[in-house]
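> File model.pdb below, PDB, C-alpha atoms:
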```
MODEL        1
ATOM      1  CA  MET A   1       9.421   4.508  23.715
ATOM      2  CA  ALA A   2       8.119   7.577  25.520
ATOM      3  CA  ALA A   3       5.619   6.968  28.252
ATOM      4  CA  GLY A   4       2.216   8.251  27.283
ATOM      5  CA  GLY A   5       0.681   8.862  30.689
ATOM      6  CA  PRO A   6      -3.022   9.284  31.495
ATOM      7  CA  GLU A   7      -3.307  12.547  29.547
ATOM      8  CA  ALA A   8      -2.197  10.967  26.263
ATOM      9  CA  ALA A   9      -4.394   7.893  26.868
ATOM     10  CA  GLN A  10      -7.481  10.052  27.456
ATOM     11  CA  GLN A  11      -6.724  12.201  24.399
ATOM     12  CA  GLN A  12      -6.484   9.037  22.285
ATOM     13  CA  ILE A  13      -9.855   7.794  23.576
ATOM     14  CA  ASP A  14     -11.493  11.156  22.868
ATOM     15  CA  GLU A  15      -9.988  11.376  19.378
ATOM     16  CA  ILE A  16     -10.982   7.807  18.451
ATOM     17  CA  GLU A  17     -14.571   8.397  19.620
ATOM     18  CA  ALA A  18     -14.752  11.630  17.617
ATOM     19  CA  LEU A  19     -13.318  10.098  14.439
ATOM     20  CA  SER A  20     -15.604   7.072  14.702
ATOM     21  CA  SER A  21     -18.565   9.444  14.979
ATOM     22  CA  ILE A  22     -17.416  11.738  12.129
ATOM     23  CA  TYR A  23     -16.444   9.052   9.609
ATOM     24  CA  GLY A  24     -18.932   6.279  10.447
ATOM     25  CA  GLU A  25     -18.435   3.300   8.139
ATOM     26  CA  GLU A  26     -15.237   4.815   6.713
ATOM     27  CA  TRP A  27     -13.608   4.213  10.141
ATOM     28  CA  CYS A  28     -12.436   0.663  10.846
ATOM     29  CA  VAL A  29     -10.855  -0.836  13.970
ATOM     30  CA  VAL A  30      -8.194  -3.325  12.810
ATOM     31  CA  ASP A  31      -6.878  -4.270  16.271
ATOM     32  CA  GLU A  32      -8.187  -2.549  19.419
ATOM     33  CA  ASP A  33      -5.425  -3.915  21.700
ATOM     34  CA  GLU A  34      -2.619  -2.675  19.457
ATOM     35  CA  LYS A  35      -4.414   0.632  18.656
ATOM     36  CA  ILE A  36      -4.452  -0.034  14.893
ATOM     37  CA  TYR A  37      -7.101   1.786  12.866
ATOM     38  CA  CYS A  38      -7.991   2.311   9.206
ATOM     39  CA  ILE A  39      -9.811   5.231   7.632
ATOM     40  CA  LYS A  40     -11.095   4.887   4.088
ATOM     41  CA  ILE A  41     -10.875   8.242   2.344
ATOM     42  CA  SER A  42     -12.281   9.098  -1.077
ATOM     43  CA  ASP A  43     -12.931  12.140  -3.239
ATOM     44  CA  CYS A  44     -16.313  13.736  -2.658
ATOM     45  CA  LEU A  45     -18.026  12.407  -5.790
ATOM     46  CA  ASP A  46     -21.190  10.269  -5.640
ATOM     47  CA  GLN A  47     -19.215   7.535  -7.385
ATOM     48  CA  PRO A  48     -15.644   8.088  -6.122
ATOM     49  CA  LYS A  49     -12.834   7.674  -8.624
ATOM     50  CA  TRP A  50      -9.985   7.944  -6.118
ATOM     51  CA  THR A  51      -9.889   6.035  -2.845
ATOM     52  CA  LEU A  52      -7.099   5.626  -0.319
ATOM     53  CA  CYS A  53      -6.826   4.005   3.086
ATOM     54  CA  LEU A  54      -4.875   5.628   5.882
ATOM     55  CA  GLN A  55      -3.777   2.964   8.371
ATOM     56  CA  VAL A  56      -2.500   4.279  11.701
ATOM     57  CA  ILE A  57      -1.008   2.833  14.864
ATOM     58  CA  LEU A  58      -1.230   5.061  17.930
ATOM     59  CA  PRO A  59       1.843   4.615  20.182
ATOM     60  CA  PRO A  60       1.496   5.249  23.953
ATOM     61  CA  GLY A  61       3.090   8.710  23.628
ATOM     62  CA  TYR A  62       0.643  10.004  20.994
ATOM     63  CA  PRO A  63      -0.359  12.821  20.823
ATOM     64  CA  THR A  64       1.711  14.438  23.602
ATOM     65  CA  SER A  65       5.188  13.205  22.628
ATOM     66  CA  GLU A  66       5.040  10.725  19.697
ATOM     67  CA  PRO A  67       3.626  10.840  16.161
ATOM     68  CA  PRO A  68       1.227   8.180  14.870
ATOM     69  CA  ILE A  69       2.841   5.392  12.822
ATOM     70  CA  TYR A  70       1.072   5.379   9.473
ATOM     71  CA  GLN A  71       0.758   3.683   6.100
ATOM     72  CA  LEU A  72      -0.875   5.094   2.972
ATOM     73  CA  ASN A  73      -2.529   2.232   1.117
ATOM     74  CA  ALA A  74      -3.735   2.531  -2.474
ATOM     75  CA  PRO A  75      -2.738   0.566  -5.575
ATOM     76  CA  TRP A  76      -2.199   3.739  -7.600
ATOM     77  CA  LEU A  77      -0.086   5.571  -4.990
ATOM     78  CA  ARG A  78       3.557   5.274  -6.028
ATOM     79  CA  GLY A  79       6.871   7.124  -6.127
ATOM     80  CA  GLU A  80       6.717  10.907  -6.181
ATOM     81  CA  GLU A  81       2.999  11.087  -5.364
ATOM     82  CA  TYR A  82       3.525   8.941  -2.255
ATOM     83  CA  THR A  83       6.505  11.042  -1.143
ATOM     84  CA  GLU A  84       4.635  14.333  -1.635
ATOM     85  CA  LEU A  85       1.639  13.140   0.375
ATOM     86  CA  ALA A  86       3.826  11.692   3.153
ATOM     87  CA  ASN A  87       5.732  14.991   3.371
ATOM     88  CA  SER A  88       2.449  16.902   3.673
ATOM     89  CA  LEU A  89       1.333  14.697   6.592
ATOM     90  CA  GLU A  90       4.672  15.069   8.371
ATOM     91  CA  GLU A  91       4.487  18.847   7.926
ATOM     92  CA  ILE A  92       1.032  18.865   9.554
ATOM     93  CA  TYR A  93       2.442  16.871  12.494
ATOM     94  CA  ILE A  94       5.340  19.327  12.975
ATOM     95  CA  GLN A  95       2.993  22.322  12.803
ATOM     96  CA  ASN A  96       0.707  20.784  15.456
ATOM     97  CA  LEU A  97       3.122  19.134  17.918
ATOM     98  CA  GLY A  98       1.319  17.676  20.934
ATOM     99  CA  GLU A  99      -2.100  17.962  19.264
ATOM    100  CA  SER A 100      -4.481  15.292  17.913
ATOM    101  CA  ILE A 101      -3.861  15.396  14.164
ATOM    102  CA  LEU A 102      -5.676  12.442  12.560
ATOM    103  CA  TYR A 103      -8.627  14.598  11.449
ATOM    104  CA  LEU A 104      -6.207  17.067   9.797
ATOM    105  CA  TRP A 105      -4.442  14.181   8.067
ATOM    106  CA  VAL A 106      -7.691  12.697   6.734
ATOM    107  CA  GLU A 107      -8.910  16.020   5.383
ATOM    108  CA  LYS A 108      -5.524  16.756   3.761
ATOM    109  CA  ILE A 109      -5.663  13.380   1.993
ATOM    110  CA  ARG A 110      -9.271  14.044   0.913
ATOM    111  CA  GLU A 111      -8.184  17.425  -0.497
ATOM    112  CA  VAL A 112      -5.493  15.677  -2.588
ATOM    113  CA  LEU A 113      -8.035  13.104  -3.849
ATOM    114  CA  VAL A 114     -10.538  15.841  -4.796
ATOM    115  CA  GLU A 115      -7.799  17.649  -6.744
ATOM    116  CA  LYS A 116      -7.016  14.398  -8.593
ATOM    117  CA  ALA A 117     -10.712  13.847  -9.370
ATOM    118  CA  GLN A 118     -10.988  17.387 -10.775
ATOM    119  CA  SER A 119      -7.809  17.029 -12.849
ATOM    120  CA  SER A 120      -7.489  14.982 -16.027
ATOM    121  CA  ASP A 121      -5.837  12.036 -14.264
ATOM    122  CA  PRO A 122      -7.299   8.759 -15.584
ATOM    123  CA  GLU A 123      -9.076   6.858 -12.840
ATOM    124  CA  PRO A 124      -7.328   3.792 -11.431
ATOM    125  CA  ASP A 125      -8.120   0.330 -12.756
ATOM    126  CA  ILE A 126      -8.819  -1.689  -9.623
ATOM    127  CA  LYS A 127     -10.113  -5.248  -9.852
ATOM    128  CA  LYS A 128     -12.657  -6.170  -7.205
ATOM    129  CA  THR A 129     -12.085  -9.728  -6.066
ATOM    130  CA  SER A 130     -13.736  -9.892  -2.642
ATOM    131  CA  GLU A 131     -17.232 -11.315  -2.470
ATOM    132  CA  GLU A 132     -18.104  -8.528  -0.031
ATOM    133  CA  VAL A 133     -16.657  -5.611  -1.949
ATOM    134  CA  ASP A 134     -20.090  -4.380  -3.039
ATOM    135  CA  GLU A 135     -21.143  -3.817   0.553
ATOM    136  CA  ASP A 136     -17.924  -2.153   1.694
ATOM    137  CA  ASN A 137     -17.215  -0.414  -1.622
ATOM    138  CA  GLY A 138     -13.616   0.530  -1.046
ATOM    139  CA  ASP A 139     -11.900  -2.238   0.857
ATOM    140  CA  ASP A 140     -10.069  -2.734  -2.429
ATOM    141  CA  PHE A 141      -6.873  -0.963  -1.367
ATOM    142  CA  LEU A 142      -3.606  -2.852  -1.242
ATOM    143  CA  VAL A 143      -0.905  -2.847   1.416
ATOM    144  CA  ASP A 144       2.591  -2.467  -0.055
ATOM    145  CA  TYR A 145       2.228  -5.239  -2.618
ATOM    146  CA  GLN A 146       0.337  -6.210  -5.770
ATOM    147  CA  PRO A 147      -2.099  -9.119  -5.338
ATOM    148  CA  VAL A 148      -1.143 -12.310  -7.147
ATOM    149  CA  GLN A 149      -4.095 -14.182  -8.592
ATOM    150  CA  GLU A 150      -2.174 -17.402  -9.332
ATOM    151  CA  ASP A 151      -2.483 -20.435  -7.104
ATOM    152  CA  PRO A 152      -0.360 -19.601  -4.018
ATOM    153  CA  VAL A 153       1.311 -23.043  -3.900
ATOM    154  CA  LYS A 154       2.313 -22.818  -7.570
ATOM    155  CA  LEU A 155       3.692 -19.338  -6.935
ATOM    156  CA  LEU A 156       5.833 -20.552  -4.032
ATOM    157  CA  ASN A 157       6.951 -23.500  -6.151
ATOM    158  CA  TYR A 158       8.202 -20.976  -8.663
ATOM    159  CA  ILE A 159      10.135 -18.844  -6.156
ATOM    160  CA  THR A 160      11.790 -21.715  -4.292
ATOM    161  CA  SER A 161      14.748 -23.428  -5.924
ATOM    162  CA  GLU A 162      14.032 -26.947  -7.129
ATOM    163  CA  SER A 163      17.634 -27.921  -6.391
ATOM    164  CA  GLN A 164      17.138 -27.498  -2.640
ATOM    165  CA  GLU A 165      16.799 -30.674  -0.636
ATOM    166  CA  ASP A 166      13.371 -31.465   0.767
ATOM    167  CA  GLU A 167      13.085 -30.015   4.208
ATOM    168  CA  GLU A 168      11.237 -31.465   7.144
ATOM    169  CA  LEU A 169       7.539 -30.591   7.286
ATOM    170  CA  PRO A 170       7.129 -28.274  10.300
ATOM    171  CA  SER A 171       4.504 -29.054  12.938
ATOM    172  CA  ILE A 172       1.153 -27.404  12.155
ATOM    173  CA  HIS A 173      -1.086 -26.068  14.926
ATOM    174  CA  HIS A 174      -4.745 -25.098  14.644
ATOM    175  CA  GLY A 175      -6.459 -22.338  16.611
ATOM    176  CA  ASN A 176     -10.000 -22.321  17.971
ATOM    177  CA  PRO A 177     -12.674 -21.605  15.324
ATOM    178  CA  LEU A 178     -14.672 -18.381  15.616
ATOM    179  CA  THR A 179     -18.185 -18.138  14.148
ATOM    180  CA  ASP A 180     -20.149 -14.953  13.431
ATOM    181  CA  ARG A 181     -23.404 -14.849  11.411
ATOM    182  CA  ARG A 182     -22.722 -18.263   9.857
ATOM    183  CA  SER A 183     -19.185 -17.347   8.725
ATOM    184  CA  THR A 184     -16.465 -19.381  10.446
ATOM    185  CA  PHE A 185     -12.826 -18.339  10.815
ATOM    186  CA  GLN A 186      -9.948 -20.559  11.947
ATOM    187  CA  ALA A 187      -6.217 -19.820  12.152
ATOM    188  CA  HIS A 188      -3.427 -22.317  11.484
ATOM    189  CA  LEU A 189       0.208 -21.742  12.465
ATOM    190  CA  ALA A 190       3.556 -23.356  11.635
ATOM    191  CA  PRO A 191       7.167 -22.444  12.450
ATOM    192  CA  VAL A 192       9.066 -21.821   9.173
ATOM    193  CA  VAL A 193      12.599 -20.756   8.270
ATOM    194  CA  THR A 194      12.477 -21.124   4.441
ATOM    195  CA  THR A 195       9.949 -20.444   1.669
ATOM    196  CA  ARG A 196      10.132 -24.161   0.827
ATOM    197  CA  GLN A 197       8.742 -24.918   4.288
ATOM    198  CA  VAL A 198       5.971 -22.374   3.686
ATOM    199  CA  LYS A 199       5.106 -24.211   0.459
ATOM    200  CA  ARG A 200       5.115 -27.616   2.197
ATOM    201  CA  VAL A 201       2.863 -26.407   5.023
ATOM    202  CA  LEU A 202       0.378 -24.905   2.549
ATOM    203  CA  GLU A 203       0.318 -28.121   0.514
ATOM    204  CA  LYS A 204      -0.271 -30.135   3.692
ATOM    205  CA  LEU A 205      -3.107 -27.832   4.796
ATOM    206  CA  TYR A 206      -4.774 -28.045   1.364
ATOM    207  CA  GLU A 207      -4.780 -31.856   1.655
ATOM    208  CA  ASN A 208      -7.447 -31.343   4.323
ATOM    209  CA  LYS A 209     -10.753 -31.237   2.404
ATOM    210  CA  LYS A 210     -12.338 -28.892   4.943
ATOM    211  CA  ILE A 211      -9.506 -26.338   4.596
ATOM    212  CA  ALA A 212      -9.320 -26.774   0.814
ATOM    213  CA  SER A 213     -13.053 -25.999   0.593
ATOM    214  CA  ALA A 214     -12.768 -22.714   2.557
ATOM    215  CA  THR A 215     -13.968 -19.603   0.710
ATOM    216  CA  HIS A 216     -10.624 -17.927   1.471
ATOM    217  CA  ASN A 217      -7.319 -19.176   2.886
ATOM    218  CA  ILE A 218      -5.510 -15.950   3.755
ATOM    219  CA  TYR A 219      -1.893 -16.252   4.813
ATOM    220  CA  ALA A 220       1.213 -14.275   5.741
ATOM    221  CA  TYR A 221       4.691 -15.282   6.819
ATOM    222  CA  ARG A 222       7.822 -13.593   8.210
ATOM    223  CA  ILE A 223      11.232 -15.274   8.104
ATOM    224  CA  TYR A 224      14.291 -13.586   9.648
ATOM    225  CA  CYS A 225      17.465 -13.973   7.587
ATOM    226  CA  GLU A 226      20.346 -13.857  10.093
ATOM    227  CA  ASP A 227      23.082 -13.393   7.462
ATOM    228  CA  LYS A 228      21.424 -10.353   5.855
ATOM    229  CA  GLN A 229      19.643  -9.177   9.035
ATOM    230  CA  THR A 230      16.481  -8.663   7.010
ATOM    231  CA  PHE A 231      13.035 -10.241   6.828
ATOM    232  CA  LEU A 232      11.736 -12.434   4.042
ATOM    233  CA  GLN A 233       7.986 -11.879   4.168
ATOM    234  CA  ASP A 234       4.928 -12.141   1.948
ATOM    235  CA  CYS A 235       1.171 -12.536   2.102
ATOM    236  CA  GLU A 236      -1.786 -13.786   0.062
ATOM    237  CA  ASP A 237      -5.404 -12.538   0.019
ATOM    238  CA  ASP A 238      -6.877 -15.595  -1.732
ATOM    239  CA  GLY A 239      -9.704 -13.391  -3.024
ATOM    240  CA  GLU A 240     -10.413 -11.512   0.239
ATOM    241  CA  THR A 241      -9.065  -8.163  -0.910
ATOM    242  CA  ALA A 242      -6.380  -6.625   1.368
ATOM    243  CA  ALA A 243      -6.819  -9.268   4.102
ATOM    244  CA  GLY A 244      -3.339 -10.743   3.553
ATOM    245  CA  GLY A 245      -1.719  -7.315   3.810
ATOM    246  CA  ARG A 246      -3.564  -6.573   7.037
ATOM    247  CA  LEU A 247      -2.519  -9.932   8.462
ATOM    248  CA  LEU A 248       1.140  -9.307   7.559
ATOM    249  CA  HIS A 249       0.905  -5.811   9.043
ATOM    250  CA  LEU A 250      -0.351  -7.286  12.328
ATOM    251  CA  MET A 251       2.580  -9.740  12.362
ATOM    252  CA  GLN A 252       5.019  -6.870  11.745
ATOM    253  CA  ILE A 253       3.586  -4.867  14.639
ATOM    254  CA  LEU A 254       3.716  -7.898  16.943
ATOM    255  CA  ASP A 255       7.311  -8.432  15.710
ATOM    256  CA  VAL A 256       6.913 -12.199  15.237
ATOM    257  CA  HIS A 257       9.699 -14.130  13.494
ATOM    258  CA  ASN A 258       9.921 -17.404  11.553
ATOM    259  CA  VAL A 259       6.235 -18.227  11.460
ATOM    260  CA  LEU A 260       3.484 -18.767   8.892
ATOM    261  CA  VAL A 261      -0.121 -17.940   9.803
ATOM    262  CA  VAL A 262      -3.025 -19.078   7.622
ATOM    263  CA  VAL A 263      -6.606 -17.979   8.376
ATOM    264  CA  SER A 264      -9.365 -20.011   6.723
ATOM    265  CA  ARG A 265     -12.770 -18.430   6.266
ATOM    266  CA  TRP A 266     -15.914 -20.345   5.378
ATOM    267  CA  TYR A 267     -18.482 -17.807   4.139
ATOM    268  CA  GLY A 268     -21.983 -18.414   5.451
ATOM    269  CA  GLY A 269     -24.019 -16.244   3.089
ATOM    270  CA  ILE A 270     -24.332 -13.149   5.317
ATOM    271  CA  LEU A 271     -22.080 -10.154   4.602
ATOM    272  CA  LEU A 272     -19.994  -9.166   7.646
ATOM    273  CA  GLY A 273     -18.514  -5.928   6.305
ATOM    274  CA  PRO A 274     -15.364  -4.684   8.100
ATOM    275  CA  ASP A 275     -15.966  -7.144  10.974
ATOM    276  CA  ARG A 276     -14.421  -9.896   8.850
ATOM    277  CA  PHE A 277     -10.998  -8.221   9.025
ATOM    278  CA  LYS A 278     -11.302  -7.937  12.798
ATOM    279  CA  HIS A 279     -12.104 -11.677  13.032
ATOM    280  CA  ILE A 280      -9.199 -12.631  10.737
ATOM    281  CA  ASN A 281      -6.720 -10.625  12.831
ATOM    282  CA  ASN A 282      -8.177 -11.788  16.163
ATOM    283  CA  CYS A 283      -7.879 -15.459  15.118
ATOM    284  CA  ALA A 284      -4.284 -14.861  14.026
ATOM    285  CA  ARG A 285      -3.383 -12.975  17.185
ATOM    286  CA  ASN A 286      -4.938 -15.639  19.428
ATOM    287  CA  VAL A 287      -3.018 -18.508  17.825
ATOM    288  CA  LEU A 288       0.247 -16.523  18.023
ATOM    289  CA  VAL A 289      -0.376 -15.912  21.744
ATOM    290  CA  GLU A 290      -1.360 -19.560  22.329
ATOM    291  CA  TYR A 291       1.921 -20.837  20.843
ATOM    292  CA  ASN A 292       4.104 -18.230  22.585
ATOM    293  CA  TYR A 293       5.064 -16.107  19.584
ATOM    294  CA  VAL A 294       3.678 -13.075  21.389
ATOM    295  CA  HIS A 295       2.616 -12.315  24.951
ATOM    296  CA  SER A 296      -1.046 -11.896  25.799
ATOM    297  CA  VAL A 297      -2.041  -8.409  26.982
ATOM    298  CA  ASP A 298      -2.057  -9.571  30.632
ATOM    299  CA  GLU A 299       1.379 -11.183  30.366
ATOM    300  CA  SER A 300       2.799  -8.121  28.637
ATOM    301  CA  SER A 301       1.820  -5.891  31.558
ATOM    302  CA  LYS A 302       3.323  -8.370  34.047
ATOM    303  CA  GLN A 303       6.566  -8.412  32.045
ATOM    304  CA  ALA A 304       6.792  -4.613  31.966
ATOM    305  CA  GLY A 305       8.865  -4.413  35.161
ATOM    306  CA  LYS A 306      11.556  -6.837  33.965
ATOM    307  CA  SER A 307      14.820  -5.677  32.454
ATOM    308  CA  LYS A 308      15.278  -5.333  28.693
ATOM    309  CA  LYS A 309      18.007  -7.980  28.796
ATOM    310  CA  THR A 310      15.609 -10.542  30.282
ATOM    311  CA  LYS A 311      13.075  -9.765  27.561
ATOM    312  CA  LYS A 312      15.655 -10.118  24.806
ATOM    313  CA  ASP A 313      16.899 -13.440  26.170
ATOM    314  CA  LYS A 314      13.327 -14.745  26.451
ATOM    315  CA  LYS A 315      12.523 -13.631  22.923
ATOM    316  CA  ARG A 316      15.604 -15.422  21.595
ATOM    317  CA  THR A 317      14.585 -18.701  23.213
ATOM    318  CA  GLU A 318      10.955 -18.468  22.101
ATOM    319  CA  HIS A 319      11.778 -18.719  18.426
TER     320      HIS A 319
ENDMDL
END
```
Starting from the file, give its structure as structure tokens.

Amino acid sequence: MAAGGPEAAQQQIDEIEALSSIYGEEWCVVDEDEKIYCIKISDCLDQPKWTLCLQVILPPGYPTSEPPIYQLNAPWLRGEEYTELANSLEEIYIQNLGESILYLWVEKIREVLVEKAQSSDPEPDIKKTSEEVDEDNGDDFLVDYQPVQEDPVKLLNYITSESQEDEELPSIHHGNPLTDRRSTFQAHLAPVVTTRQVKRVLEKLYENKKIASATHNIYAYRIYCEDKQTFLQDCEDDGETAAGGRLLHLMQILDVHNVLVVVSRWYGGILLGPDRFKHINNCARNVLVEYNYVHSVDESSKQAGKSKKTKKDKKRTEH
């Protein structure tokens, strides 16, 4: 990856401050350490019909030598429409090489949404399942999957073969609880290599009355399939719209393998707004660091001088 240097770092800081000021509540910090941000964009109507979330990761070389990594998240955005919009954003990047382009991207997306609102396109049918959706009005985008409202254990029971032998229940670890305005968040982690193990861990967790009584049990897992050299991965919101997708996205960025992370949230009666996503991801990140699935920020900087071979060998032994 290209080195960003102090110029790129300062440009990122300036751009983030400007965007936060311009977009206010539409701007959301998903993970400050990893430079992951979300911008909720809608058409300009008083009651928006079309809403989309642009999720971006700013690599060290942005904007001087690297483009932002992005995802376009909306349940209605599919196929040709997705491709057209993605092509438009990439064209803007090429036309403005070395420049800060997030504002241009946001306004291009807004222009597309306004055109849709003014056309005869029927508005999307989006179910609101989060207890906080009224406050945030628009956290109802989805990340690369359709939410499944069935019981998550039953769902996993369906997708795992009944003919498989029972596998050993992996060890389950619990992170430190985090409390904010009477809501409590706690992450749980288990090493997994099959979906059957995922199912067994979830069943074991739900035997705990405290965990079973949580308002939401959000989870995501990533399993590396050596034979196919691909990842088996999935996530579950459990009623906290888009939280599972954000959690899985964090795990993808941290490049963790063969692990299930569950974050329980006990709602305390006070709406937290976008802060709840920050707490969910922070709890998950902390437990992954604690059990050596990912380096802490301090350790990462210490490791920077070591050879790539050493890092690869270490990574292999960690999992």
> Between A:Leu72, A:Leu97, A:Ala220, A:Ala212, which residue has the minimum interatomic distance to A:Gly245, considering only C-alpha atoms?
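Of all the options, A:Ala220 lies closest to A:Gly245.
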> So which residues touch A:Ile172 within 12 Å, counting all atoms listed in the file, skipping near sequence neighbours fewer than 4 positions away, as a PyMOL selection string?
chain A and resi 168+187-192+197-198+200-205+259-262+287+291
> Please provide as a list in words all residues within 7 Å of stretch 25-38 of chain A, with the sequence filter that same-chain residues fewer than 3 positions apart are discarded (counting all atoms listed in the file).
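Surrounding residues, per the criterion: Ser20, Cys53, Leu54, Gln55, Val56, Ile57, Leu58, Pro274, Phe277 and Lys278 of chain A.
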> Once the PyMOL selection byres ((chain A and resi 41) around 6) is applied to the coordinates I shared, what remains selected? I want it as a compact mmCIF listing (two decimals) with C-alpha atoms, in the coordinates of the input.

```txt
# COMPACT_ATOMS: atom_id res chain seq x y z
CA LYS A 40 -11.10 4.89 4.09
CA SER A 42 -12.28 9.10 -1.08
CA THR A 51 -9.89 6.04 -2.84
CA LEU A 52 -7.10 5.63 -0.32
CA CYS A 53 -6.83 4.00 3.09
```
> Would you pick out the contacts of A:Leu85 at 9 Å or less, using all atoms listed in the file, so that residues sharing its chain but fewer than 5 positions from it are not included, and give the list as a ChimeraX atom specification?
/A:72,80,90,108-109,112
> Here is a test: counting all atoms listed in the file, which residue of A:Ile253, A:Cys235, A:Ile92, A:Cys283 is nearest to A:Tyr221?
A:Cys235
> Could you tell me how far atom CA of A:Leu248 sits from atom CA of A:Ile16, in Å to one decimal place?
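Going from atom CA of A:Ile16 over to atom CA of A:Leu248 covers 23.6 Å.
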> Of the candidates A:Pro59, A:Pro170, A:Pro48, A:Gly239, which shows the shortest atom-to-atom distance to A:Lys116, using only C-alpha atoms?
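Result for the nearest residue to A:Lys116: A:Pro48.
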> Considering only C-alpha atoms, state which residue in the set A:Asp180, A:Glu91, A:Glu99, A:Glu107 is at the smallest distance from A:Trp266.
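Ranked by minimum distance to A:Trp266, first place goes to A:Asp180.
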> Mind pulling up the distance from atom CA of A:Ser119 to atom CA of A:Gly79?
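Computed distance, atom CA of A:Gly79 to atom CA of A:Ser119, equals 18.9 Å.
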> Nearest to A:Tyr224: which of A:His249, A:His257, A:His279, A:Lys210 is it, counting all atoms listed in the file?
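Among the listed residues, the smallest separation from A:Tyr224 belongs to A:His257.
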> So, counting all atoms listed in the file, which residue among A:Val256, A:Ile280, A:Leu102, A:Ala214 is closest to A:Gln11?
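Closest residue, counting all atoms listed in the file: A:Leu102.
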> What does the distance between atom CA of A:Gln233 and atom CA of A:His174 come to in Å, to one decimal place?
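That distance, rounded to one decimal, is 21.1 Å.
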> So for stretch 281-290 of chain A, what box centre and size do we get, axis-aligned, 8 Å extra on each of the six sides, every listed atom, Å to one decimal, as lines of an AutoDock Vina configuration file?

```
center_x = -4.0
center_y = -15.1
center_z = 17.6
size_x = 24.4
size_y = 24.9
size_z = 25.5
```
> Starting from the shown file, work through the PyMOL selection byres ((chain A and resi 237) around 9) and note down what comes out as a PyMOL selection string.
chain A and resi 147-149+216-220+235-236+238-245
> Mind dumping the selected residues with C-alpha atoms as a PDB file, in the frame of the given file?

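Okay, again_11.pdb is ready:
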```
ATOM      1  CA  PRO A 147      -2.099  -9.119  -5.338  1.00  0.00           C
ATOM      2  CA  VAL A 148      -1.143 -12.310  -7.147  1.00  0.00           C
ATOM      3  CA  GLN A 149      -4.095 -14.182  -8.592  1.00  0.00           C
ATOM      4  CA  HIS A 216     -10.624 -17.927   1.471  1.00  0.00           C
ATOM      5  CA  ASN A 217      -7.319 -19.176   2.886  1.00  0.00           C
ATOM      6  CA  ILE A 218      -5.510 -15.950   3.755  1.00  0.00           C
ATOM      7  CA  TYR A 219      -1.893 -16.252   4.813  1.00  0.00           C
ATOM      8  CA  ALA A 220       1.213 -14.275   5.741  1.00  0.00           C
ATOM      9  CA  CYS A 235       1.171 -12.536   2.102  1.00  0.00           C
ATOM     10  CA  GLU A 236      -1.786 -13.786   0.062  1.00  0.00           C
ATOM     11  CA  ASP A 238      -6.877 -15.595  -1.732  1.00  0.00           C
ATOM     12  CA  GLY A 239      -9.704 -13.391  -3.024  1.00  0.00           C
ATOM     13  CA  GLU A 240     -10.413 -11.512   0.239  1.00  0.00           C
ATOM     14  CA  THR A 241      -9.065  -8.163  -0.910  1.00  0.00           C
ATOM     15  CA  ALA A 242      -6.380  -6.625   1.368  1.00  0.00           C
ATOM     16  CA  ALA A 243      -6.819  -9.268   4.102  1.00  0.00           C
ATOM     17  CA  GLY A 244      -3.339 -10.743   3.553  1.00  0.00           C
ATOM     18  CA  GLY A 245      -1.719  -7.315   3.810  1.00  0.00           C
TER      19      GLY A 245
END
```
